[in-house]
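Some notes on the structure that comes next.
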Number of protein chains: 2
Amino acid sequence: MLEAPLGLRERKKLKTRRAIRSAAFSLFADQGYEATTVDQIAAVAEVSPSTFFRYFPTKEDLVISDDYDPLLEAAFRARPKDEPLRQALRTAMVGPLRQVLAAERDEMLLRMELYRQVPAIRARAMTEQQQTSARLCRLIAERTGEDPAGLHLRVLVTTIVAAAGEAVLYWSERGGVDDMTELLDQALDVVIGP
Amino acid sequence: MLEAPLGLRERKKLKTRRAIRSAAFSLFADQGYEATTVDQIAAVAEVSPSTFFRYFPTKEDLVISDDYDPLLEAAFRARPKDEPLRQALRTAMVGPLRQVLAAERDEMLLRMELYRQVPAIRARAMTEQQQTSARLCRLIAERTGEDPAGLHLRVLVTTIVAAAGEAVLYWSERGGVDDMTELLDQALDVVIGP
DNA sequence: CTAGATTTTGAGAGTTACTGTCAGAAGACA
DNA sequence: TGTCTTCTGACAGTAACTCTCAAAATCTAG
């Protein structure tokens, strides 16, 4: 159940997924996101358009994919119960970000470039951000017993997540030359104080 | 130039615009946003689909429309130069909101209901929010001489706008029974302190 | 009030993202 | 090997746009 010898079927699925994604990104690089049609991507990846949509429900999903949220959740749950909330949040956010960054820095820069240039992607990413906020609210409420739907908590979380998003955006605009965790720290200072 | 005797042409345009919008909202109320097609709206409003798109570039634009930003800008510019920035912002945000609320409370509740229920609207509204943030950054930069693209200012503004948005959302979720300006004040307390 | 310039409109054809269905191909498993 | 399940591609359909063009409505000069 936990082990993954990965049957042929699974391996093929992964391969197809990767093929579609890389076909897509290479086309995006050539022609831009909006000028690239799903049919073209499917053709280059050598699958049918139907198959494309089986792997990615929307064209935007090619770009979005989010490994961060589960990591954040785990990191937050791992914080000691007596740690002050704001401190716990800060630590729980920085760690996983560093982790993701180490693993897929270049991919992240690419996605952020699309985020900046394509309104549809930006819109979609923002709704993902809202979901992150909502999940985080529930998570914190679990820990503190606070009302997860109360105005105070919701504003706190929404702004923290927005601050983090802005830090990542800023980082990408400058081509990733800065230390991302430092930027995130600075951004969080604005909301939750140093 | 400033006066508006409004020729027949202009009057008709306004009328058409209103006809389309009210047709749309009445259909939305009956069938929901997504189940309502542009063709249906055009039919009820007695215009051709082409004309619909001339008045509203996208279906989402029916719901979005934003009177707030210009008011905010004017209110902010009107604050005395020696007032502390955070205080100026707070005042500049609350005033116009009260104004808009007084004029179109019910419409606002309706739009927020769609915001909550329709992902496409939410996504679109979020990108509008980003534009508000960007404009506000420029505005503040003008006043303080700060770098409009600096991380600090951007985070501050983004979070303030996000906090305000969350306050409005909260207000609408509770059916508008609260005093909105109080909620906004509370929300801003989280970001910029009391 | 009429003639001509300008703007607005509707019809129609085309593109693209996406949905649903179904038969056949391909991996899993006994 | 044969059956059972899953994956795939072909196809048809929908809905939001976009573009083009000719006809209709409004505006403006004389």
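Chain labels run A, B, ... following the order of the structure tokens; each chain numbers its residues from 1, and ligands are numbered from 1 in the order shown.
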May I have a table of the residues of chain B lying at most 10 Å from chain C, giving each one's closest pair of atoms and their distance in Å to one decimal, counting only C-alpha atoms (C1' of nucleotides), ordered by chain and ascending residue number, as a tab-separated table?
```
residue	atom	partner	partner_atom	distance
B:Arg9	CA	C:DT7	C1'	8.9
B:Lys13	CA	C:DT8	C1'	9.3
B:Val47	CA	C:DG10	C1'	8.4
B:Ser48	CA	C:DG10	C1'	6.0
B:Pro49	CA	C:DG10	C1'	8.5
B:Ser50	CA	C:DG10	C1'	7.2
B:Thr51	CA	C:DT9	C1'	6.9
B:Arg54	CA	C:DT8	C1'	9.9
```
Please, could you write that set of residues out with N, CA and C atoms as a compact mmCIF listing (two decimals), in the first residue's frame?
```txt
# COMPACT_ATOMS: atom_id res chain seq x y z
N ARG B 9 -28.53 59.67 -28.50
CA ARG B 9 -27.63 58.53 -28.64
C ARG B 9 -27.13 58.06 -27.27
N LYS B 13 -27.86 54.58 -25.11
CA LYS B 13 -26.79 53.68 -24.67
C LYS B 13 -26.95 53.33 -23.20
N VAL B 47 -31.52 42.62 -27.32
CA VAL B 47 -30.42 43.07 -28.16
C VAL B 47 -29.78 41.82 -28.75
N SER B 48 -28.90 42.00 -29.72
CA SER B 48 -28.21 40.85 -30.27
C SER B 48 -27.04 40.50 -29.38
N PRO B 49 -26.60 39.25 -29.43
CA PRO B 49 -25.42 38.86 -28.65
C PRO B 49 -24.22 39.75 -28.96
N SER B 50 -24.06 40.14 -30.22
CA SER B 50 -22.95 41.04 -30.54
C SER B 50 -23.01 42.29 -29.67
N THR B 51 -24.22 42.83 -29.56
CA THR B 51 -24.37 44.07 -28.80
C THR B 51 -24.04 43.84 -27.33
N ARG B 54 -20.52 44.26 -26.85
CA ARG B 54 -20.06 45.63 -27.00
C ARG B 54 -20.21 46.38 -25.68
```
Checklist entry - For chain D against chain B, which residues fall within 12 Å using only C-alpha atoms (C1' of nucleotides), given as a PyMOL selection string? => result chain D and resi 14-20+25-27
Item to check | 10 Å contacts from chain A to chain B using only C-alpha atoms, as a ChimeraX atom specification | outcome: /A:119-128,130,149-167,169-171,183-184,186-193
DSSP says alpha helix (DSSP H) for which residues of chain B? Put them as a tab-separated table (two decimals) with N, CA and C atoms, in the first residue's frame?
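So the final result, stored in selection.tsv, reads:
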```tsv
chain	number	residue	atom	x	y	z
B	8	LEU	N	-29.69	62.02	-27.65
B	8	LEU	CA	-30.50	60.80	-27.74
B	8	LEU	C	-29.63	59.55	-27.76
B	9	ARG	N	-28.53	59.67	-28.50
B	9	ARG	CA	-27.63	58.53	-28.64
B	9	ARG	C	-27.13	58.06	-27.27
B	10	GLU	N	-26.66	59.00	-26.49
B	10	GLU	CA	-26.12	58.66	-25.18
B	10	GLU	C	-27.20	58.09	-24.27
B	11	ARG	N	-28.36	58.71	-24.32
B	11	ARG	CA	-29.44	58.22	-23.48
B	11	ARG	C	-29.79	56.77	-23.82
B	12	LYS	N	-29.83	56.50	-25.10
B	12	LYS	CA	-30.15	55.13	-25.53
B	12	LYS	C	-29.11	54.14	-25.06
B	13	LYS	N	-27.86	54.58	-25.11
B	13	LYS	CA	-26.79	53.68	-24.67
B	13	LYS	C	-26.95	53.33	-23.20
B	14	LEU	N	-27.20	54.34	-22.41
B	14	LEU	CA	-27.42	54.08	-20.98
B	14	LEU	C	-28.58	53.13	-20.76
B	15	LYS	N	-29.62	53.37	-21.52
B	15	LYS	CA	-30.82	52.54	-21.38
B	15	LYS	C	-30.51	51.08	-21.74
B	16	THR	N	-29.82	50.91	-22.84
B	16	THR	CA	-29.44	49.56	-23.25
B	16	THR	C	-28.60	48.88	-22.18
B	17	ARG	N	-27.64	49.62	-21.68
B	17	ARG	CA	-26.76	49.08	-20.64
B	17	ARG	C	-27.57	48.60	-19.44
B	18	ARG	N	-28.48	49.45	-19.02
B	18	ARG	CA	-29.31	49.08	-17.88
B	18	ARG	C	-30.20	47.89	-18.20
B	19	ALA	N	-30.73	47.88	-19.42
B	19	ALA	CA	-31.60	46.77	-19.82
B	19	ALA	C	-30.84	45.45	-19.76
B	20	ILE	N	-29.63	45.45	-20.28
B	20	ILE	CA	-28.84	44.23	-20.28
B	20	ILE	C	-28.55	43.79	-18.85
B	21	ARG	N	-28.13	44.72	-18.05
B	21	ARG	CA	-27.78	44.36	-16.68
B	21	ARG	C	-28.97	43.81	-15.92
B	22	SER	N	-30.10	44.48	-16.09
B	22	SER	CA	-31.23	44.01	-15.27
B	22	SER	C	-31.76	42.68	-15.80
B	23	ALA	N	-31.72	42.51	-17.11
B	23	ALA	CA	-32.08	41.21	-17.67
B	23	ALA	C	-31.18	40.13	-17.07
B	24	ALA	N	-29.90	40.43	-17.04
B	24	ALA	CA	-28.94	39.46	-16.54
B	24	ALA	C	-29.22	39.09	-15.09
B	25	PHE	N	-29.35	40.09	-14.25
B	25	PHE	CA	-29.52	39.79	-12.83
B	25	PHE	C	-30.83	39.06	-12.56
B	26	SER	N	-31.83	39.38	-13.34
B	26	SER	CA	-33.08	38.66	-13.11
B	26	SER	C	-32.94	37.20	-13.52
B	27	LEU	N	-32.22	36.96	-14.61
B	27	LEU	CA	-31.96	35.57	-15.00
B	27	LEU	C	-31.07	34.87	-13.97
B	28	PHE	N	-30.07	35.56	-13.49
B	28	PHE	CA	-29.19	34.97	-12.49
B	28	PHE	C	-29.99	34.53	-11.27
B	29	ALA	N	-30.90	35.39	-10.87
B	29	ALA	CA	-31.72	35.08	-9.69
B	29	ALA	C	-32.54	33.81	-9.91
B	30	ASP	N	-33.06	33.66	-11.14
B	30	ASP	CA	-33.87	32.48	-11.45
B	30	ASP	C	-33.04	31.22	-11.59
B	31	GLN	N	-31.97	31.30	-12.40
B	31	GLN	CA	-31.29	30.09	-12.84
B	31	GLN	C	-29.88	29.96	-12.31
B	38	VAL	N	-25.13	33.97	-22.27
B	38	VAL	CA	-25.15	35.33	-22.81
B	38	VAL	C	-26.27	35.47	-23.83
B	39	ASP	N	-26.52	34.45	-24.60
B	39	ASP	CA	-27.60	34.49	-25.58
B	39	ASP	C	-28.94	34.74	-24.90
B	40	GLN	N	-29.16	34.06	-23.79
B	40	GLN	CA	-30.41	34.28	-23.05
B	40	GLN	C	-30.52	35.73	-22.58
B	41	ILE	N	-29.46	36.21	-22.00
B	41	ILE	CA	-29.47	37.59	-21.50
B	41	ILE	C	-29.79	38.54	-22.64
B	42	ALA	N	-29.10	38.35	-23.77
B	42	ALA	CA	-29.31	39.23	-24.91
B	42	ALA	C	-30.77	39.16	-25.37
B	43	ALA	N	-31.30	37.94	-25.38
B	43	ALA	CA	-32.69	37.78	-25.83
B	43	ALA	C	-33.65	38.55	-24.92
B	44	VAL	N	-33.50	38.37	-23.61
B	44	VAL	CA	-34.39	39.05	-22.67
B	44	VAL	C	-34.22	40.57	-22.77
B	45	ALA	N	-32.98	41.01	-22.95
B	45	ALA	CA	-32.73	42.46	-23.03
B	45	ALA	C	-33.09	43.00	-24.42
B	49	PRO	N	-26.60	39.25	-29.43
B	49	PRO	CA	-25.42	38.86	-28.65
B	49	PRO	C	-24.22	39.75	-28.96
B	50	SER	N	-24.06	40.14	-30.22
B	50	SER	CA	-22.95	41.04	-30.54
B	50	SER	C	-23.01	42.29	-29.67
B	51	THR	N	-24.22	42.83	-29.56
B	51	THR	CA	-24.37	44.07	-28.80
B	51	THR	C	-24.04	43.84	-27.33
B	52	PHE	N	-24.44	42.69	-26.83
B	52	PHE	CA	-24.07	42.40	-25.45
B	52	PHE	C	-22.59	42.60	-25.22
B	53	PHE	N	-21.79	41.99	-26.10
B	53	PHE	CA	-20.34	42.04	-25.89
B	53	PHE	C	-19.78	43.43	-26.14
B	54	ARG	N	-20.52	44.26	-26.85
B	54	ARG	CA	-20.06	45.63	-27.00
B	54	ARG	C	-20.21	46.38	-25.68
B	55	TYR	N	-21.21	46.04	-24.92
B	55	TYR	CA	-21.44	46.75	-23.66
B	55	TYR	C	-20.65	46.13	-22.51
B	61	ASP	N	-18.07	40.96	-16.33
B	61	ASP	CA	-18.13	42.41	-16.18
B	61	ASP	C	-19.51	42.90	-15.76
B	62	LEU	N	-20.51	42.10	-16.01
B	62	LEU	CA	-21.85	42.45	-15.55
B	62	LEU	C	-21.87	42.64	-14.04
B	63	VAL	N	-21.08	41.84	-13.37
B	63	VAL	CA	-21.14	41.79	-11.92
B	63	VAL	C	-20.08	42.68	-11.27
B	64	ILE	N	-18.99	42.90	-11.96
B	64	ILE	CA	-17.83	43.53	-11.33
B	64	ILE	C	-18.00	45.03	-11.10
B	68	TYR	N	-15.64	52.26	-6.65
B	68	TYR	CA	-14.95	52.56	-5.41
B	68	TYR	C	-13.58	53.21	-5.63
B	69	ASP	N	-12.82	52.65	-6.55
B	69	ASP	CA	-11.44	53.09	-6.72
B	69	ASP	C	-11.26	54.59	-6.91
B	70	PRO	N	-11.99	55.20	-7.83
B	70	PRO	CA	-11.82	56.65	-8.00
B	70	PRO	C	-12.15	57.43	-6.73
B	71	LEU	N	-13.17	56.98	-6.01
B	71	LEU	CA	-13.52	57.64	-4.76
B	71	LEU	C	-12.38	57.53	-3.75
B	72	LEU	N	-11.83	56.33	-3.68
B	72	LEU	CA	-10.71	56.12	-2.76
B	72	LEU	C	-9.55	57.05	-3.11
B	73	GLU	N	-9.26	57.12	-4.39
B	73	GLU	CA	-8.14	57.97	-4.81
B	73	GLU	C	-8.38	59.42	-4.40
B	74	ALA	N	-9.57	59.91	-4.69
B	74	ALA	CA	-9.89	61.30	-4.34
B	74	ALA	C	-9.79	61.51	-2.84
B	75	ALA	N	-10.36	60.58	-2.09
B	75	ALA	CA	-10.36	60.73	-0.63
B	75	ALA	C	-8.94	60.74	-0.08
B	76	PHE	N	-8.10	59.88	-0.68
B	76	PHE	CA	-6.72	59.83	-0.18
B	76	PHE	C	-5.96	61.11	-0.50
B	77	ARG	N	-6.15	61.60	-1.72
B	77	ARG	CA	-5.47	62.85	-2.10
B	77	ARG	C	-5.92	64.01	-1.22
B	85	LEU	N	0.65	58.29	7.60
B	85	LEU	CA	0.15	57.53	6.45
B	85	LEU	C	-0.98	56.56	6.82
B	86	ARG	N	-0.76	55.80	7.86
B	86	ARG	CA	-1.75	54.77	8.19
B	86	ARG	C	-3.09	55.38	8.55
B	87	GLN	N	-3.02	56.52	9.24
B	87	GLN	CA	-4.25	57.21	9.59
B	87	GLN	C	-4.96	57.71	8.33
B	88	ALA	N	-4.15	58.28	7.43
B	88	ALA	CA	-4.72	58.81	6.19
B	88	ALA	C	-5.39	57.70	5.39
B	89	LEU	N	-4.71	56.57	5.33
B	89	LEU	CA	-5.27	55.44	4.59
B	89	LEU	C	-6.59	55.00	5.20
B	90	ARG	N	-6.58	54.86	6.48
B	90	ARG	CA	-7.78	54.40	7.16
B	90	ARG	C	-8.96	55.31	6.85
B	91	THR	N	-8.75	56.59	7.04
B	91	THR	CA	-9.82	57.54	6.79
B	91	THR	C	-10.26	57.50	5.33
B	92	ALA	N	-9.27	57.43	4.44
B	92	ALA	CA	-9.59	57.46	3.00
B	92	ALA	C	-10.34	56.22	2.57
B	93	MET	N	-10.18	55.12	3.30
B	93	MET	CA	-10.88	53.91	2.91
B	93	MET	C	-12.30	53.87	3.45
B	94	VAL	N	-12.46	54.32	4.68
B	94	VAL	CA	-13.76	54.20	5.31
B	94	VAL	C	-14.80	55.12	4.67
B	95	GLY	N	-14.39	56.38	4.42
B	95	GLY	CA	-15.34	57.36	3.89
B	95	GLY	C	-16.05	56.90	2.62
B	96	PRO	N	-15.30	56.65	1.57
B	96	PRO	CA	-15.91	56.23	0.31
B	96	PRO	C	-16.74	54.96	0.44
B	97	LEU	N	-16.29	54.07	1.30
B	97	LEU	CA	-17.05	52.84	1.48
B	97	LEU	C	-18.44	53.16	2.01
B	98	ARG	N	-18.48	54.03	3.00
B	98	ARG	CA	-19.76	54.44	3.55
B	98	ARG	C	-20.64	55.03	2.45
B	99	GLN	N	-19.99	55.83	1.62
B	99	GLN	CA	-20.68	56.49	0.51
B	99	GLN	C	-21.30	55.48	-0.46
B	100	VAL	N	-20.46	54.56	-0.92
B	100	VAL	CA	-20.93	53.54	-1.87
B	100	VAL	C	-22.05	52.73	-1.23
B	101	LEU	N	-21.84	52.40	0.01
B	101	LEU	CA	-22.80	51.58	0.73
B	101	LEU	C	-24.17	52.27	0.81
B	102	ALA	N	-24.13	53.56	1.09
B	102	ALA	CA	-25.37	54.30	1.21
B	102	ALA	C	-26.12	54.30	-0.12
B	103	ALA	N	-25.36	54.39	-1.20
B	103	ALA	CA	-25.99	54.53	-2.52
B	103	ALA	C	-26.50	53.21	-3.06
B	104	GLU	N	-25.76	52.12	-2.82
B	104	GLU	CA	-26.14	50.88	-3.48
B	104	GLU	C	-25.91	49.65	-2.61
B	105	ARG	N	-26.44	49.73	-1.41
B	105	ARG	CA	-26.27	48.64	-0.47
B	105	ARG	C	-26.80	47.31	-1.01
B	106	ASP	N	-28.01	47.34	-1.53
B	106	ASP	CA	-28.63	46.08	-1.97
B	106	ASP	C	-27.88	45.47	-3.14
B	107	GLU	N	-27.51	46.34	-4.08
B	107	GLU	CA	-26.77	45.83	-5.22
B	107	GLU	C	-25.47	45.20	-4.75
B	108	MET	N	-24.85	45.81	-3.77
B	108	MET	CA	-23.59	45.31	-3.25
B	108	MET	C	-23.77	43.93	-2.63
B	109	LEU	N	-24.83	43.76	-1.87
B	109	LEU	CA	-25.11	42.46	-1.28
B	109	LEU	C	-25.30	41.40	-2.36
B	110	LEU	N	-25.98	41.78	-3.40
B	110	LEU	CA	-26.22	40.86	-4.51
B	110	LEU	C	-24.91	40.45	-5.17
B	111	ARG	N	-24.08	41.45	-5.45
B	111	ARG	CA	-22.81	41.14	-6.10
B	111	ARG	C	-21.95	40.26	-5.21
B	112	MET	N	-21.96	40.53	-3.93
B	112	MET	CA	-21.15	39.74	-3.03
B	112	MET	C	-21.67	38.30	-2.94
B	113	GLU	N	-22.96	38.16	-3.07
B	113	GLU	CA	-23.50	36.80	-3.07
B	113	GLU	C	-22.95	36.02	-4.27
B	114	LEU	N	-22.95	36.67	-5.41
B	114	LEU	CA	-22.36	36.03	-6.59
B	114	LEU	C	-20.87	35.77	-6.36
B	115	TYR	N	-20.22	36.73	-5.75
B	115	TYR	CA	-18.80	36.57	-5.45
B	115	TYR	C	-18.57	35.29	-4.66
B	116	ARG	N	-19.44	35.07	-3.69
B	116	ARG	CA	-19.24	33.89	-2.85
B	116	ARG	C	-19.53	32.60	-3.60
B	117	GLN	N	-20.50	32.65	-4.47
B	117	GLN	CA	-20.98	31.41	-5.06
B	117	GLN	C	-20.32	31.04	-6.39
B	119	PRO	N	-17.07	30.85	-8.70
B	119	PRO	CA	-15.61	30.93	-8.73
B	119	PRO	C	-15.08	31.93	-9.75
B	120	ALA	N	-15.71	31.97	-10.91
B	120	ALA	CA	-15.21	32.87	-11.96
B	120	ALA	C	-15.29	34.32	-11.51
B	121	ILE	N	-16.36	34.66	-10.82
B	121	ILE	CA	-16.52	36.02	-10.33
B	121	ILE	C	-15.47	36.32	-9.26
B	122	ARG	N	-15.29	35.36	-8.39
B	122	ARG	CA	-14.32	35.54	-7.32
B	122	ARG	C	-12.95	35.80	-7.92
B	123	ALA	N	-12.58	34.95	-8.87
B	123	ALA	CA	-11.27	35.09	-9.49
B	123	ALA	C	-11.13	36.48	-10.11
B	124	ARG	N	-12.13	36.88	-10.81
B	124	ARG	CA	-12.08	38.18	-11.47
B	124	ARG	C	-11.99	39.32	-10.46
B	125	ALA	N	-12.76	39.21	-9.40
B	125	ALA	CA	-12.74	40.26	-8.38
B	125	ALA	C	-11.36	40.36	-7.73
B	126	MET	N	-10.72	39.22	-7.56
B	126	MET	CA	-9.40	39.24	-6.97
B	126	MET	C	-8.41	39.98	-7.87
B	127	THR	N	-8.52	39.81	-9.16
B	127	THR	CA	-7.59	40.53	-10.02
B	127	THR	C	-7.89	42.03	-10.00
B	128	GLU	N	-9.15	42.37	-9.83
B	128	GLU	CA	-9.47	43.79	-9.66
B	128	GLU	C	-8.81	44.32	-8.40
B	129	GLN	N	-8.85	43.49	-7.38
B	129	GLN	CA	-8.26	43.88	-6.10
B	129	GLN	C	-6.76	44.15	-6.26
B	130	GLN	N	-6.13	43.33	-7.09
B	130	GLN	CA	-4.71	43.56	-7.34
B	130	GLN	C	-4.47	44.90	-8.01
B	131	GLN	N	-5.36	45.25	-8.91
B	131	GLN	CA	-5.20	46.54	-9.58
B	131	GLN	C	-5.40	47.68	-8.60
B	132	THR	N	-6.37	47.52	-7.74
B	132	THR	CA	-6.56	48.52	-6.69
B	132	THR	C	-5.28	48.68	-5.90
B	133	SER	N	-4.69	47.57	-5.51
B	133	SER	CA	-3.44	47.62	-4.75
B	133	SER	C	-2.36	48.36	-5.51
B	134	ALA	N	-2.21	48.01	-6.78
B	134	ALA	CA	-1.16	48.64	-7.58
B	134	ALA	C	-1.36	50.16	-7.66
B	135	ARG	N	-2.60	50.56	-7.91
B	135	ARG	CA	-2.89	51.99	-7.98
B	135	ARG	C	-2.59	52.67	-6.66
B	136	LEU	N	-2.99	52.02	-5.60
B	136	LEU	CA	-2.80	52.60	-4.27
B	136	LEU	C	-1.31	52.73	-3.97
B	137	CYS	N	-0.54	51.77	-4.40
B	137	CYS	CA	0.91	51.85	-4.22
B	137	CYS	C	1.45	53.10	-4.89
B	138	ARG	N	1.06	53.31	-6.12
B	138	ARG	CA	1.54	54.50	-6.84
B	138	ARG	C	1.13	55.77	-6.11
B	139	LEU	N	-0.09	55.76	-5.65
B	139	LEU	CA	-0.64	56.94	-4.97
B	139	LEU	C	0.16	57.26	-3.71
B	140	ILE	N	0.44	56.25	-2.94
B	140	ILE	CA	1.18	56.46	-1.70
B	140	ILE	C	2.61	56.87	-2.01
B	141	ALA	N	3.17	56.23	-3.01
B	141	ALA	CA	4.54	56.56	-3.39
B	141	ALA	C	4.65	58.04	-3.76
B	142	GLU	N	3.65	58.53	-4.49
B	142	GLU	CA	3.59	59.96	-4.82
B	142	GLU	C	3.68	60.82	-3.57
B	143	ARG	N	2.95	60.39	-2.58
B	143	ARG	CA	2.84	61.20	-1.37
B	143	ARG	C	4.07	61.15	-0.49
B	144	THR	N	4.62	59.95	-0.35
B	144	THR	CA	5.72	59.80	0.60
B	144	THR	C	7.08	59.79	-0.06
B	151	LEU	N	9.35	46.24	-1.61
B	151	LEU	CA	8.61	45.15	-0.97
B	151	LEU	C	7.76	45.66	0.19
B	152	HIS	N	8.33	46.52	1.00
B	152	HIS	CA	7.61	46.96	2.18
B	152	HIS	C	6.28	47.61	1.83
B	153	LEU	N	6.34	48.59	0.96
B	153	LEU	CA	5.11	49.29	0.60
B	153	LEU	C	4.10	48.34	-0.04
B	154	ARG	N	4.58	47.51	-0.92
B	154	ARG	CA	3.67	46.61	-1.62
B	154	ARG	C	2.98	45.65	-0.66
B	155	VAL	N	3.73	45.13	0.27
B	155	VAL	CA	3.11	44.23	1.24
B	155	VAL	C	2.10	44.98	2.09
B	156	LEU	N	2.49	46.15	2.52
B	156	LEU	CA	1.57	46.94	3.34
B	156	LEU	C	0.24	47.15	2.60
B	157	VAL	N	0.34	47.62	1.38
B	157	VAL	CA	-0.86	47.94	0.62
B	157	VAL	C	-1.67	46.69	0.30
B	158	THR	N	-0.99	45.67	-0.18
B	158	THR	CA	-1.69	44.43	-0.52
B	158	THR	C	-2.47	43.90	0.67
B	159	THR	N	-1.85	43.92	1.82
B	159	THR	CA	-2.52	43.37	2.99
B	159	THR	C	-3.67	44.26	3.44
B	160	ILE	N	-3.49	45.56	3.34
B	160	ILE	CA	-4.58	46.45	3.71
B	160	ILE	C	-5.79	46.22	2.82
B	161	VAL	N	-5.53	46.13	1.53
B	161	VAL	CA	-6.64	45.92	0.60
B	161	VAL	C	-7.28	44.56	0.84
B	162	ALA	N	-6.45	43.56	1.10
B	162	ALA	CA	-6.99	42.23	1.38
B	162	ALA	C	-7.84	42.25	2.64
B	163	ALA	N	-7.38	42.98	3.64
B	163	ALA	CA	-8.14	43.07	4.89
B	163	ALA	C	-9.49	43.71	4.64
B	164	ALA	N	-9.49	44.77	3.86
B	164	ALA	CA	-10.75	45.45	3.54
B	164	ALA	C	-11.69	44.50	2.80
B	165	GLY	N	-11.13	43.78	1.84
B	165	GLY	CA	-11.94	42.83	1.09
B	165	GLY	C	-12.56	41.79	1.99
B	166	GLU	N	-11.77	41.31	2.94
B	166	GLU	CA	-12.28	40.30	3.86
B	166	GLU	C	-13.40	40.87	4.72
B	167	ALA	N	-13.26	42.13	5.09
B	167	ALA	CA	-14.31	42.76	5.90
B	167	ALA	C	-15.62	42.82	5.11
B	168	VAL	N	-15.52	43.21	3.85
B	168	VAL	CA	-16.72	43.31	3.03
B	168	VAL	C	-17.35	41.92	2.85
B	169	LEU	N	-16.49	40.94	2.61
B	169	LEU	CA	-16.99	39.58	2.47
B	169	LEU	C	-17.72	39.11	3.72
B	170	TYR	N	-17.10	39.36	4.86
B	170	TYR	CA	-17.70	38.98	6.14
B	170	TYR	C	-19.04	39.66	6.32
B	171	TRP	N	-19.05	40.94	6.01
B	171	TRP	CA	-20.30	41.72	6.10
B	171	TRP	C	-21.39	41.08	5.27
B	172	SER	N	-21.04	40.69	4.06
B	172	SER	CA	-22.06	40.14	3.15
B	172	SER	C	-22.50	38.75	3.58
B	173	GLU	N	-21.59	37.99	4.15
B	173	GLU	CA	-21.96	36.65	4.60
B	173	GLU	C	-23.03	36.72	5.69
B	180	MET	N	-20.85	48.15	8.54
B	180	MET	CA	-19.70	47.86	7.70
B	180	MET	C	-18.45	48.66	8.08
B	181	THR	N	-18.63	49.90	8.41
B	181	THR	CA	-17.45	50.72	8.70
B	181	THR	C	-16.77	50.25	9.98
B	182	GLU	N	-17.55	49.73	10.90
B	182	GLU	CA	-16.95	49.17	12.11
B	182	GLU	C	-16.12	47.93	11.77
B	183	LEU	N	-16.70	47.08	10.94
B	183	LEU	CA	-15.97	45.88	10.52
B	183	LEU	C	-14.66	46.28	9.83
B	184	LEU	N	-14.74	47.25	8.95
B	184	LEU	CA	-13.55	47.68	8.23
B	184	LEU	C	-12.50	48.18	9.23
B	185	ASP	N	-12.95	48.94	10.20
B	185	ASP	CA	-12.03	49.42	11.22
B	185	ASP	C	-11.36	48.26	11.94
B	186	GLN	N	-12.16	47.30	12.33
B	186	GLN	CA	-11.59	46.14	13.02
B	186	GLN	C	-10.58	45.41	12.14
B	187	ALA	N	-10.94	45.25	10.88
B	187	ALA	CA	-10.05	44.54	9.96
B	187	ALA	C	-8.74	45.29	9.81
B	188	LEU	N	-8.83	46.59	9.69
B	188	LEU	CA	-7.61	47.38	9.53
B	188	LEU	C	-6.76	47.36	10.79
B	189	ASP	N	-7.41	47.23	11.92
B	189	ASP	CA	-6.65	47.12	13.17
B	189	ASP	C	-5.65	45.97	13.10
B	190	VAL	N	-6.07	44.88	12.48
B	190	VAL	CA	-5.20	43.72	12.42
B	190	VAL	C	-3.92	44.04	11.66
B	191	VAL	N	-4.06	44.79	10.58
B	191	VAL	CA	-2.89	45.06	9.74
B	191	VAL	C	-2.08	46.26	10.21
B	192	ILE	N	-2.74	47.35	10.47
B	192	ILE	CA	-1.98	48.55	10.78
B	192	ILE	C	-2.10	48.97	12.24
```
